[in-house]
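What follows is the content of protein.cif, which has mmCIF, C-alpha atoms and all ligand atoms:
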data_target
#
loop_
_atom_site.label_atom_id
_atom_site.label_comp_id
_atom_site.auth_asym_id
_atom_site.auth_seq_id
_atom_site.Cartn_x
_atom_site.Cartn_y
_atom_site.Cartn_z
CA MET Q 1 -3.73 231.30 165.15
CA SER Q 2 -1.46 233.79 163.43
CA ALA Q 3 -2.25 234.72 159.85
CA LEU Q 4 1.43 234.32 159.01
CA ARG Q 5 2.88 230.94 158.00
CA ASP Q 6 6.62 231.37 158.39
CA ARG Q 7 9.47 228.85 158.54
CA VAL Q 8 8.81 228.07 162.21
CA ALA Q 9 5.15 227.37 161.40
CA PHE Q 10 6.18 225.12 158.48
CA ALA Q 11 8.54 223.19 160.73
CA ALA Q 12 5.72 222.68 163.27
CA GLU Q 13 3.38 221.52 160.49
CA GLU Q 14 6.03 219.07 159.29
CA ARG Q 15 6.24 217.55 162.78
CA GLU Q 16 2.47 216.99 162.68
CA ARG Q 17 2.10 215.88 159.10
CA LEU Q 18 5.20 213.97 158.04
CA ALA Q 19 5.91 210.30 158.68
CA PRO Q 20 8.81 209.45 161.02
CA TRP Q 21 10.78 208.18 157.98
CA ALA Q 22 10.42 211.47 156.11
CA VAL Q 23 13.16 214.13 156.10
CA ALA Q 24 11.96 217.02 158.27
CA SER Q 25 13.52 220.31 157.18
CA ALA Q 26 14.56 221.07 160.77
CA ALA Q 27 16.54 217.80 160.85
CA SER Q 28 18.57 218.56 157.71
CA ARG Q 29 22.32 217.96 157.85
CA GLY Q 30 22.60 221.50 156.49
CA ARG Q 31 24.61 223.22 153.78
CA VAL Q 32 28.30 222.95 152.96
CA VAL Q 33 28.71 226.68 153.68
CA PRO Q 34 26.53 227.52 156.71
CA GLU Q 35 23.95 230.26 156.08
CA PRO Q 36 21.33 231.91 158.29
CA GLU Q 37 17.85 230.39 157.86
CA HIS Q 38 15.29 232.27 155.79
CA PRO Q 39 12.46 233.77 157.89
CA LEU Q 40 9.68 232.48 155.62
CA ARG Q 41 10.94 229.40 153.80
CA THR Q 42 12.30 226.09 155.03
CA GLY Q 43 15.71 224.99 153.78
CA PHE Q 44 14.20 222.62 151.19
CA GLN Q 45 11.75 225.24 149.92
CA ARG Q 46 14.74 227.50 149.49
CA ASP Q 47 16.66 224.77 147.63
CA ARG Q 48 13.71 224.34 145.27
CA ASP Q 49 13.61 228.08 144.61
CA ARG Q 50 17.37 228.29 144.03
CA VAL Q 51 17.11 225.51 141.43
CA LEU Q 52 14.15 227.16 139.73
CA HIS Q 53 15.95 230.50 139.47
CA SER Q 54 19.19 229.01 138.13
CA ARG Q 55 20.47 229.59 134.60
CA ALA Q 56 20.89 225.85 134.09
CA PHE Q 57 17.17 225.41 134.78
CA ARG Q 58 16.19 227.92 132.10
CA ARG Q 59 18.45 226.20 129.59
CA LEU Q 60 16.49 222.94 129.99
CA GLU Q 61 13.88 224.42 127.66
CA TYR Q 62 16.26 224.12 124.72
CA LYS Q 63 17.69 220.71 125.50
CA THR Q 64 16.50 217.54 123.79
CA GLN Q 65 14.58 214.90 125.63
CA VAL Q 66 14.08 212.49 122.68
CA PHE Q 67 12.98 214.79 119.89
CA VAL Q 68 15.29 217.68 119.02
CA HIS Q 69 13.64 220.94 119.86
CA HIS Q 70 12.90 222.22 116.39
CA GLU Q 71 10.97 219.12 115.28
CA GLY Q 72 7.66 220.37 116.65
CA ASP Q 73 6.16 222.65 119.26
CA HIS Q 74 4.27 219.95 121.16
CA TYR Q 75 7.02 217.46 121.94
CA ARG Q 76 8.59 217.37 125.37
CA ASN Q 77 11.90 219.02 125.99
CA ARG Q 78 13.94 218.63 129.14
CA LEU Q 79 12.12 221.47 130.88
CA THR Q 80 8.61 220.09 130.37
CA HIS Q 81 9.92 216.61 131.26
CA THR Q 82 11.31 218.04 134.50
CA LEU Q 83 8.03 219.82 135.35
CA GLU Q 84 5.97 216.68 134.69
CA GLY Q 85 8.38 214.65 136.84
CA ALA Q 86 8.26 217.21 139.68
CA GLN Q 87 4.45 217.12 139.70
CA ILE Q 88 4.46 213.31 139.96
CA ALA Q 89 7.15 213.44 142.68
CA ARG Q 90 4.95 215.77 144.74
CA THR Q 91 1.95 213.44 144.38
CA ILE Q 92 4.01 210.43 145.53
CA ALA Q 93 5.57 212.37 148.42
CA ARG Q 94 2.23 213.74 149.62
CA ALA Q 95 0.56 210.32 149.50
CA LEU Q 96 3.31 208.77 151.63
CA ARG Q 97 3.57 211.66 154.11
CA LEU Q 98 7.06 212.52 152.87
CA ASN Q 99 8.57 215.97 152.59
CA GLU Q 100 7.04 217.28 149.37
CA ASP Q 101 9.43 220.26 149.23
CA LEU Q 102 12.51 218.02 149.25
CA ALA Q 103 11.07 215.65 146.64
CA GLU Q 104 10.25 218.65 144.45
CA ALA Q 105 13.71 220.20 144.88
CA VAL Q 106 15.42 216.94 143.83
CA ALA Q 107 13.02 216.42 140.91
CA LEU Q 108 13.48 219.96 139.58
CA ALA Q 109 17.27 219.64 139.83
CA HIS Q 110 17.66 216.06 138.59
CA ASP Q 111 18.42 216.86 134.93
CA LEU Q 112 20.38 220.13 135.27
CA GLY Q 113 23.58 218.33 134.25
CA HIS Q 114 22.21 216.92 131.03
CA THR Q 115 24.20 217.73 127.92
CA PRO Q 116 22.74 219.09 124.70
CA PHE Q 117 21.18 216.43 122.43
CA GLY Q 118 20.09 214.10 125.23
CA HIS Q 119 21.93 210.85 125.85
CA ALA Q 120 23.81 211.19 122.56
CA GLY Q 121 25.65 214.18 124.06
CA GLU Q 122 26.39 212.29 127.26
CA ARG Q 123 27.82 209.36 125.26
CA VAL Q 124 30.20 211.66 123.39
CA LEU Q 125 31.53 213.40 126.50
CA ALA Q 126 31.89 210.08 128.37
CA ARG Q 127 34.01 208.80 125.47
CA LEU Q 128 36.13 211.95 125.21
CA LEU Q 129 36.73 212.08 128.96
CA ARG Q 130 37.38 208.35 129.40
CA ALA Q 131 41.01 208.84 130.39
CA ASP Q 132 40.36 212.14 132.08
CA GLY Q 133 37.97 211.52 134.96
CA GLY Q 134 34.90 210.47 132.96
CA PHE Q 135 31.52 212.09 132.44
CA ASP Q 136 28.11 211.20 133.82
CA HIS Q 137 24.95 213.33 133.94
CA ASN Q 138 24.20 212.82 137.66
CA ARG Q 139 27.71 213.84 138.57
CA GLN Q 140 27.43 216.78 136.16
CA THR Q 141 24.21 217.87 137.86
CA LEU Q 142 26.12 217.97 141.13
CA ARG Q 143 28.84 220.06 139.43
CA VAL Q 144 26.14 222.50 138.27
CA VAL Q 145 24.62 222.98 141.71
CA ASP Q 146 27.92 222.85 143.65
CA LEU Q 147 30.24 224.76 141.31
CA LEU Q 148 28.94 226.08 138.03
CA GLU Q 149 26.03 228.34 138.97
CA ASP Q 150 27.49 231.73 139.70
CA ARG Q 151 25.02 233.82 141.69
CA TYR Q 152 26.35 234.28 145.21
CA PRO Q 153 29.19 236.40 146.59
CA THR Q 154 30.54 234.00 149.22
CA PHE Q 155 30.35 230.57 147.59
CA ARG Q 156 30.36 228.84 144.22
CA GLY Q 157 27.18 227.06 143.12
CA LEU Q 158 23.82 227.09 144.90
CA ASN Q 159 24.99 225.71 148.26
CA LEU Q 160 22.01 223.32 148.48
CA SER Q 161 21.12 221.24 151.53
CA TYR Q 162 22.85 217.90 152.09
CA GLU Q 163 19.67 215.88 151.40
CA THR Q 164 18.98 217.63 148.09
CA ARG Q 165 22.55 216.95 146.95
CA GLU Q 166 22.29 213.35 148.19
CA GLY Q 167 19.14 212.90 146.07
CA ILE Q 168 20.82 214.39 142.99
CA LEU Q 169 23.89 212.19 143.25
CA LYS Q 170 22.03 208.92 143.89
CA HIS Q 171 24.55 206.08 143.93
CA GLY Q 172 27.67 205.69 141.92
CA VAL Q 173 31.38 205.36 142.15
CA ALA Q 174 33.61 207.87 143.86
CA PHE Q 175 35.00 210.68 141.70
CA ALA Q 176 37.06 213.80 142.14
CA HIS Q 177 34.87 216.66 143.31
CA PRO Q 178 36.08 219.77 145.11
CA VAL Q 179 33.10 219.84 147.51
CA THR Q 180 32.58 217.08 150.11
CA LEU Q 181 30.34 214.44 148.53
CA PRO Q 182 27.26 213.11 150.29
CA ASP Q 183 27.67 209.58 151.65
CA ARG Q 184 26.68 207.10 148.94
CA SER Q 185 27.01 203.85 150.87
CA GLY Q 186 23.32 203.36 151.77
CA GLN Q 187 19.94 204.05 150.20
CA THR Q 188 18.79 207.60 149.52
CA PRO Q 189 15.90 209.03 151.59
CA LEU Q 190 12.40 208.26 150.28
CA GLU Q 191 11.99 211.79 148.93
CA ALA Q 192 14.88 211.14 146.53
CA GLN Q 193 13.49 207.71 145.66
CA ALA Q 194 10.16 209.44 144.87
CA ALA Q 195 11.91 211.87 142.51
CA ASP Q 196 13.66 208.96 140.82
CA HIS Q 197 10.47 206.96 140.26
CA ALA Q 198 8.64 210.11 139.16
CA ASP Q 199 11.35 210.66 136.53
CA GLU Q 200 10.82 207.13 135.18
CA ILE Q 201 7.01 207.42 135.20
CA ALA Q 202 7.18 210.83 133.50
CA TYR Q 203 9.52 209.88 130.67
CA THR Q 204 7.91 206.50 129.99
CA ASN Q 205 4.51 208.15 129.57
CA HIS Q 206 5.50 211.26 127.67
CA ASP Q 207 7.78 209.28 125.37
CA LEU Q 208 4.85 206.97 124.58
CA ASP Q 209 2.68 210.03 123.94
CA ASP Q 210 5.26 211.79 121.76
CA GLY Q 211 6.21 208.55 120.03
CA LEU Q 212 2.62 207.81 119.04
CA ARG Q 213 1.86 211.37 118.00
CA SER Q 214 4.99 211.58 115.85
CA GLY Q 215 4.06 208.34 114.10
CA LEU Q 216 7.36 206.69 115.09
CA LEU Q 217 5.55 204.20 117.34
CA ASP Q 218 3.01 201.91 115.72
CA PRO Q 219 -0.18 201.79 117.86
CA THR Q 220 -1.08 198.27 116.65
CA ALA Q 221 2.37 196.85 117.43
CA LEU Q 222 2.32 198.55 120.85
CA GLU Q 223 -0.72 196.41 121.74
CA GLU Q 224 1.73 193.49 122.04
CA VAL Q 225 3.05 195.02 125.27
CA PRO Q 226 0.82 193.55 128.00
CA LEU Q 227 0.73 196.55 130.38
CA TRP Q 228 -0.09 198.96 127.57
CA ARG Q 229 -2.77 196.63 126.16
CA ARG Q 230 -4.47 196.26 129.57
CA VAL Q 231 -4.46 199.98 130.22
CA HIS Q 232 -5.66 200.73 126.69
CA GLU Q 233 -8.56 198.22 126.96
CA GLU Q 234 -9.58 199.66 130.31
CA THR Q 235 -9.56 203.15 128.86
CA ARG Q 236 -11.69 202.14 125.88
CA ALA Q 237 -14.19 200.49 128.25
CA ARG Q 238 -14.31 203.68 130.32
CA ILE Q 239 -14.65 206.31 127.60
CA GLY Q 240 -16.15 204.35 124.68
CA ASP Q 241 -15.74 205.69 121.16
CA ALA Q 242 -13.63 208.82 121.20
CA PRO Q 243 -11.35 210.54 118.71
CA GLU Q 244 -7.91 208.95 118.47
CA SER Q 245 -6.16 211.88 120.17
CA VAL Q 246 -8.53 211.63 123.17
CA GLN Q 247 -8.06 207.85 123.34
CA ARG Q 248 -4.30 208.31 123.41
CA ALA Q 249 -4.38 211.08 126.02
CA GLN Q 250 -6.75 209.11 128.24
CA THR Q 251 -4.66 205.94 127.97
CA ILE Q 252 -1.64 207.93 129.15
CA VAL Q 253 -3.71 209.39 132.01
CA THR Q 254 -4.76 205.87 133.01
CA LEU Q 255 -1.19 204.57 132.82
CA ILE Q 256 0.27 207.39 134.94
CA ASN Q 257 -2.48 206.81 137.49
CA ARG Q 258 -1.87 203.07 137.51
CA LEU Q 259 1.88 203.46 137.99
CA VAL Q 260 1.66 206.13 140.70
CA THR Q 261 -1.11 204.34 142.62
CA ASP Q 262 0.72 201.02 142.48
CA LEU Q 263 3.95 202.66 143.63
CA VAL Q 264 2.46 204.39 146.67
CA GLU Q 265 0.36 201.36 147.68
CA ALA Q 266 3.23 198.88 147.34
CA THR Q 267 5.60 201.26 149.15
CA ALA Q 268 3.11 201.94 151.95
CA ALA Q 269 2.79 198.18 152.52
CA ARG Q 270 6.59 197.83 152.57
CA LEU Q 271 6.91 200.73 155.02
CA ASP Q 272 4.24 199.23 157.27
CA ALA Q 273 6.20 195.98 157.37
CA ALA Q 274 9.68 197.49 157.77
CA SER Q 275 8.56 200.49 159.87
CA PRO Q 276 11.87 202.37 159.75
CA ARG Q 277 12.15 204.54 162.86
CA ASP Q 278 13.59 207.50 161.02
CA VAL Q 279 15.30 208.52 157.80
CA ASP Q 280 18.49 206.72 158.81
CA GLY Q 281 16.42 203.53 158.95
CA VAL Q 282 15.55 204.20 155.29
CA ARG Q 283 19.21 204.84 154.44
CA ARG Q 284 20.33 201.62 156.14
CA ALA Q 285 17.61 199.40 154.57
CA GLY Q 286 19.13 196.54 152.55
CA ASP Q 287 17.04 197.50 149.52
CA ARG Q 288 15.09 200.52 148.39
CA LEU Q 289 11.82 200.73 150.30
CA MET Q 290 10.08 202.51 147.44
CA ARG Q 291 9.21 200.06 144.69
CA HIS Q 292 6.36 199.02 142.46
CA SER Q 293 4.54 195.72 143.01
CA PRO Q 294 6.34 192.83 141.26
CA ALA Q 295 3.64 192.60 138.53
CA ILE Q 296 3.82 196.31 137.64
CA GLU Q 297 7.61 196.30 137.90
CA ARG Q 298 7.67 193.55 135.27
CA GLY Q 299 5.08 195.31 133.08
CA LEU Q 300 6.93 198.61 133.24
CA HIS Q 301 10.21 196.88 132.39
CA GLU Q 302 8.63 195.33 129.25
CA LEU Q 303 7.19 198.68 128.24
CA LYS Q 304 10.56 200.42 128.65
CA GLU Q 305 12.28 197.67 126.67
CA TYR Q 306 9.74 198.24 123.91
CA LEU Q 307 10.46 201.98 123.89
CA TYR Q 308 14.18 201.31 123.87
CA ARG Q 309 13.98 199.10 120.80
CA ASN Q 310 11.28 200.93 118.86
CA LEU Q 311 11.59 204.61 119.79
CA TYR Q 312 15.05 205.42 121.20
CA HIS Q 313 16.59 203.22 118.49
CA HIS Q 314 14.21 204.21 115.72
CA PRO Q 315 16.21 205.05 112.57
CA ALA Q 316 14.69 208.55 112.49
CA VAL Q 317 15.84 209.23 116.08
CA LEU Q 318 19.27 207.64 115.50
CA ALA Q 319 19.82 209.79 112.41
CA THR Q 320 19.45 212.98 114.47
CA THR Q 321 21.58 211.64 117.32
CA ASP Q 322 24.42 210.58 115.00
CA GLU Q 323 24.58 214.10 113.65
CA ALA Q 324 24.41 215.50 117.19
CA GLU Q 325 27.34 213.33 118.31
CA ARG Q 326 29.45 214.54 115.41
CA VAL Q 327 28.67 218.21 116.13
CA LEU Q 328 29.43 217.94 119.83
CA GLU Q 329 32.65 216.01 119.38
CA GLU Q 330 33.96 218.50 116.79
CA LEU Q 331 32.99 221.43 118.98
CA TRP Q 332 34.82 219.97 121.97
CA HIS Q 333 38.00 219.36 119.90
CA VAL Q 334 37.91 222.84 118.38
CA LEU Q 335 37.65 224.44 121.82
CA CYS Q 336 40.40 222.25 123.31
CA ASN Q 337 42.72 223.17 120.42
CA ALA Q 338 41.86 226.86 120.45
CA PRO Q 339 41.04 227.92 124.02
CA ASP Q 340 41.27 231.57 122.95
CA LYS Q 341 37.85 231.02 121.36
CA LEU Q 342 36.33 230.37 124.80
CA PRO Q 343 34.48 233.00 126.83
CA VAL Q 344 36.77 234.62 129.38
CA GLN Q 345 34.82 233.21 132.35
CA VAL Q 346 35.51 229.65 131.11
CA ARG Q 347 39.26 230.30 130.70
CA ALA Q 348 39.27 231.87 134.16
CA ARG Q 349 38.45 228.43 135.57
CA PHE Q 350 41.39 226.61 133.94
CA ASP Q 351 43.63 226.97 137.00
CA GLU Q 352 41.13 225.61 139.47
CA ASP Q 353 39.29 222.99 137.38
CA GLY Q 354 41.82 222.14 134.66
CA ALA Q 355 41.33 223.11 131.00
CA THR Q 356 39.69 219.83 129.93
CA ARG Q 357 37.11 219.84 132.71
CA ALA Q 358 36.33 223.55 132.29
CA ILE Q 359 35.77 223.08 128.54
CA THR Q 360 33.64 219.99 129.17
CA ASP Q 361 31.51 221.89 131.71
CA TYR Q 362 31.03 224.64 129.12
CA VAL Q 363 30.05 222.25 126.32
CA ALA Q 364 27.82 220.16 128.62
CA GLY Q 365 25.94 223.29 129.70
CA MET Q 366 25.07 224.34 126.14
CA THR Q 367 21.55 224.12 124.78
CA ASP Q 368 21.03 222.21 121.52
CA ARG Q 369 20.63 225.38 119.50
CA PHE Q 370 23.63 227.14 121.07
CA ALA Q 371 25.83 224.09 120.42
CA LEU Q 372 24.72 224.03 116.76
CA ALA Q 373 25.31 227.78 116.35
CA GLU Q 374 28.75 227.63 118.03
CA HIS Q 375 29.72 224.63 115.93
CA ARG Q 376 28.75 226.51 112.76
CA ARG Q 377 30.57 229.66 113.86
CA LEU Q 378 33.79 227.89 114.91
CA THR Q 379 34.15 225.29 112.16
CA ASP Q 380 32.64 227.14 109.26
CA GLY Q 381 32.09 223.77 107.61
CA ARG Q 382 35.82 222.84 107.80
CA ASP Q 383 36.98 219.34 108.71
CA VAL Q 384 38.38 219.74 112.22
CA HIS Q 385 40.20 216.43 112.68
MG MG U 401 14.92 212.92 133.81
#

Could you express the structure from this file as structure tokens?
Ligand code: MG
Amino acid sequence: MSALRDRVAFAAEERERLAPWAVASAASRGRVVPEPEHPLRTGFQRDRDRVLHSRAFRRLEYKTQVFVHHEGDHYRNRLTHTLEGAQIARTIARALRLNEDLAEAVALAHDLGHTPFGHAGERVLARLLRADGGFDHNRQTLRVVDLLEDRYPTFRGLNLSYETREGILKHGVAFAHPVTLPDRSGQTPLEAQAADHADEIAYTNHDLDDGLRSGLLDPTALEEVPLWRRVHEETRARIGDAPESVQRAQTIVTLINRLVTDLVEATAARLDAASPRDVDGVRRAGDRLMRHSPAIERGLHELKEYLYRNLYHHPAVLATTDEAERVLEELWHVLCNAPDKLPVQVRARFDEDGATRAITDYVAGMTDRFALAEHRRLTDGRDVH
């Protein structure tokens, strides 16, 4: 056996190791602009690396998940959220003999299109763009990887593989996009479904963790949520008396484990029953083949509802998001009214993308702290309406 594991060796290993319903890198539908293969890495490994080396990826560090970045050093931001999600996506993919590289590429890319200030920022841009083509973070992520990253001489964007783009886009209505969109009529491959579930498992758990540590969530009231109570009781039985911070961490560990294990077991049973012959069998399935068991699905839904009411709508969180919405809206108006204030590379895109879309791309790409600094610099405290 050769000491060298190159792309050809990886492709052979995939044939041995992956399930028939997984996406083998050699079977990819390819890139929009054809490129020669890399000697060492498969196409999906290369996609993952392109995402990781992008500017948009580095900016995730300074974008809000729930808590704005300057509130404390231990809360999640969009970068640590993405890394936690990617780790869970790899675990799910590996357990189901899926293509771990593709699941990882989709998971690392999934939030690149998020605005500053979390969903508050997305709400503002969706409102401002209502009559002008709309705004949605999945679609914006596709704009980032297809158009906005500027690293290559012969194409715009990162020129990712079809399946990575398909996983980023998920479902959704048609919209104007200058690059051919992946087909959205069926289900996404299981690697993309894994990234999607991993996202949900990651944010549910780290928001619980951050919410409890910040004091915004009340640990006694949280016991009313059946899934949390069960997992918490189990954890106490396992570790006995422990400091509160260890109890909390271990309850989160138990909950992540429970959710991931349930997901892969329930999905394996569904795959055994449906036995799709290949990835197109997964795409054509009437429903997503990757799902939790009905009991955990219900429990997770209740837990997310609880977070929605008690954390995402907590007055302390809403106060920061109200301010964020005001800042972003003013910034967008100022730039639309005075395009000479824009960097030259943004104005250079007016012809191709239209002024409104180019300005929106620019604002959407900002980190929280850059948006705040630009707002201060451009408004100087003046009323801009
Ligand atoms: Mg996410």

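Taking all atoms listed in the file into account, ligand MG 401 (chain U) has within 10 Å the residues Gln65, Arg78, Leu79, His81, Thr82, Leu83, Glu84, Gly85, Ala86, Ala107, Leu108, Ala109, His110, Asp111, Leu112, His114, Ala195, Asp196, His197, Ala198, Asp199, Glu200, Ile201, Ala202 and Tyr203 of chain Q.
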
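Straight-line separation from CA of Glu61 (chain Q) to CA of Asn77 (chain Q): 6.0 Å.
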
Min atom-atom distance to Val282 (chain Q) from the set Q:Leu216, Q:Asn99, Q:Phe350, Q:Ala22, counting all atoms listed in the file, belongs to Q:Ala22

Any idea what the distance is between CA of Leu158 (chain Q) and CA of Val144 (chain Q)?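 For CA of Leu158 (chain Q) relative to CA of Val144 (chain Q), the distance reads 8.4 Å.
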
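Of the residues listed (Q:Ala176, Q:Ala285, Q:Ile252, Q:Leu300), Q:Leu300 shows the shortest atom-to-atom separation from Val225 (chain Q); distances use all atoms listed in the file.
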
Considering all atoms listed in the file, can you say which of Q:Leu331, Q:Val33, Q:Ala268, Q:Ala89 comes closest to Glu374 (chain Q)?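 The answer is Q:Leu331, which sits nearest to Glu374 (chain Q).
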
Centre and edge lengths, as lines of an AutoDock Vina configuration file, for the axis-aligned box enclosing every listed atom of region 316-326 of chain Q with 4 Å of padding on each of the six sides, in Å to one decimal?
center_x = 22.1
center_y = 211.6
center_z = 115.4
size_x = 22.8
size_y = 15.9
size_z = 13.9

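Interatomic distance, CA of Phe10 (chain Q) against CA of Gly281 (chain Q): 23.9 Å.
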
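Proximity ranking of Q:Val66, Q:Glu166, Q:Leu255, Q:Arg369 relative to His313 (chain Q) places Q:Val66 first, based on only C-alpha atoms.
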
So that I can check the surroundings of Arg283 (chain Q), please list as a list in words every protein, DNA and RNA residue that reaches within 10 Å of it, counting all atoms listed in the file and ignoring chain neighbours fewer than 6 positions away.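 Counting only the stated atoms, we get Trp21, Arg184, Ser185, Gly186, Gln187, Thr188, Pro189, Leu190, Pro276 and Leu289 of chain Q.
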
Excluding Leu160 (chain Q) and its own-chain neighbours fewer than 6 positions away, which residues fall within 9 Å of it when counting only C-alpha atoms? Please give them as a VMD selection string. chain Q and resid 30 to 32 43 to 44 46 to 48 50 to 51 145 to 146

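Take the candidates Q:Leu259, Q:Leu102, Q:Ile239, Q:Asp280 and check each one against Arg298 (chain Q) using all atoms listed in the file; the shortest distance goes to Q:Leu259.
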
Residue nearest Ala266 (chain Q) among Q:Arg213, Q:Leu96, Q:Arg165, Q:Thr154 (counting all atoms listed in the file):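 Nearest candidate to Ala266 (chain Q) out of Q:Arg213, Q:Leu96, Q:Arg165, Q:Thr154: Q:Leu96.
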